[in-house]
Structures are given as structure tokens and as C-alpha cells.
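Student: There's a structure below that I have some questions on.
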Amino acid sequence: MKNILFFGDSLTAGYGVGSENSFPSIISNKIKEIGWDFKTSNAGISGDTTTGGANRIEHVLKSYKRVDVFVLELGANDGLRGVNPSRTKQNLQAIIDKVKKTFPEAKILLCAMLVPPFYGPVHADRFNALYPELIQENPGTVLVPFFLENVVGVEGMCLADGLHPSAAGYKVVAENVWKVLKPALEKI
């Protein structure tokens with residue numbers, strides 16, 4: 001059986017709606033409906049940052065004999081906390097490097113985050129550029145454009161905090177990821 005590992009923060013974990021409504025769970029159900037031979041694992045931890053992810057990636061990867069697809073969703077908490085975008089980029093690169101070293105054949109999908117300009121246009125511009133930069137610097141890594149497209153700012157798509165998707169919002173997030181993930185799975 002082939003393995004898909006989802007690695008991220010509360011947006012991967014399914015904060016506020018339960019893991020059964022998280023985007024990895026919705027995607028797992030799509031895969032089962034198709035009848036593909038993939039097992040999915042959700043390694044999302046609420047509140048995680050790219051620093052936390054870089055610190056825990058080696059331990060997480062040791063739990064697997066095989067990872068065929070690695071979906072990396074981290075950075076939102078860095079952006080909201082004003083972490084220097086160069087640090088966020090270094091941490092994401094460290095995670096990508098560790099995955100490539102441990103599972104060289106794994107396809108890596110990187111879910112892009114954005115911060116709004118009211119965080120400061122310089123910070124927002126630098127942060128929002130780091131995901132496309134990582135894709136250019138890591139041939140074969142695939143970008144999932146803004147992960148929360150059609151969710152953030154759309155009525156009914158977020159919880160009361162305005163940051164985390166509702167159950168309906170996670171269905172949209174799953175579709176955003178699925179558009180990129182499905183073609184990758186078809187090639188494995």
C-alpha cells in the first residue's frame with residue numbers, strides 16, 4: 001500500500017471541526033471512493049509553526065517505512081506571528097530536505113499560505129513570495145496555490161475566529177488540494 005503523509009498545523013489537524021472533517025480525512029474518503037490503494041496519515045498539530053515542524057519532522061518520518069506523497073502545510077502561524085519570512089523559508093526547506101533524504105522518491109506538495117497586507121506590505125510581500133521561491137528551488141516539488149482560496153473571508157466557510165475553516169470550508173480546502181494531489185497520485 002502506498003502512503004500519503006499530511007504534515008501541518010491546525011489547518012491539517014482539523015481544529016474546531018474534528019479530524020473526521022479535516023481536509024486529509026475528506027481526501028482519504030475521495031481516494032477510497034475511487035478505489036486507489038493509498039493510506040493517508042494526518043500529522044497535523046494545532047499551533048505548530050515551521051520551527052516546530054522542522055524540529056519534529058525527523059521523529060515523524062521514523063514512524064513510516066514508506067512515504068509516497070508528502071503534503072506540507074505549514075507557515076500560517078509564522079505569518080500571523082510576524083516571524084521573519086526568511087526563517088520560515090529556511091524551516092520549510094529543512095523539512096523538504098529531510099523528506100527528500102529519508103524518502104527520495106516521495107512526491108512533495110507544498111501548500112501556499114498568504115498573509116494580508118495589513119500585516120505590513122513588506123512582511124506580506126516577503127512572506128507571500130516564499131512559497132513560489134521554494135518551488136523554484138526544489139524541482140519536482142508541486143505548489144498548491146493559496147490553500148485557503150475561497151474560504152477566508154467567505155461567509156460560512158470559517159469558524160467564528162475567522163481563521164480556521166468550518167466543516168463546509170474544509171470541503172473547499174480539500175478540493176483546493178485535490179486539484180493538485182489527484183494528478184500526482186495518478187502518476188504513482
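Letters for chains follow the order of the C-alpha cells (A, B, ...), residue numbers begin at 1 for each chain, and ligand numbers begin at 1 in the order shown.
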Excluding same-chain residues fewer than 2 positions from Leu74 (chain A), what lies within 10 Å of it counting only C-alpha atoms, as a PyMOL selection string?
Tutor: chain A and resi 7-12+44+48-53+71-72+76-79+88+91-92+110-113
Student: Quick one: which region 18-135 of chain A residues come within 9 Å of region 156-180 of chain A, and what is the nearest atom pair for each with the distance in Å to one decimal, counting only C-alpha atoms, rows ordered by chain and ascending number, as a Markdown table?
Tutor:
| residue | atom | partner | partner_atom | distance |
| --- | --- | --- | --- | --- |
| A:Gly18 | CA | A:Ala167 | CA | 8.8 |
| A:Asn21 | CA | A:Ala167 | CA | 5.9 |
| A:Ser22 | CA | A:Tyr170 | CA | 6.1 |
| A:Phe23 | CA | A:Ala174 | CA | 4.7 |
| A:Pro24 | CA | A:Ala174 | CA | 7.3 |
| A:Ser25 | CA | A:Ala174 | CA | 8.8 |
| A:Ile26 | CA | A:Ala174 | CA | 6.4 |
| A:Ile27 | CA | A:Ala174 | CA | 6.2 |
| A:Lys30 | CA | A:Trp178 | CA | 9.0 |
| A:Leu109 | CA | A:Val180 | CA | 8.1 |
| A:Cys111 | CA | A:Val177 | CA | 7.8 |
Student: Determine which residues of region 2-74 of chain A receive a DSSP assignment of strand (DSSP E), computed from the backbone, and state them as an NGL selection string.
Tutor: :A and (2-8 or 38-44 or 69-73)
Student: Please provide as a count of residues only all residues within 8 Å of region 59-68 of chain A, with the sequence filter that same-chain residues fewer than 2 positions apart are discarded (counting only C-alpha atoms).
Tutor: 14
Student: Calculated over only C-alpha atoms, which of the candidates A:Glu33, A:Ile96, A:Leu80, A:Val69 has the smallest distance to His123 (chain A)?
Tutor: A:Leu80
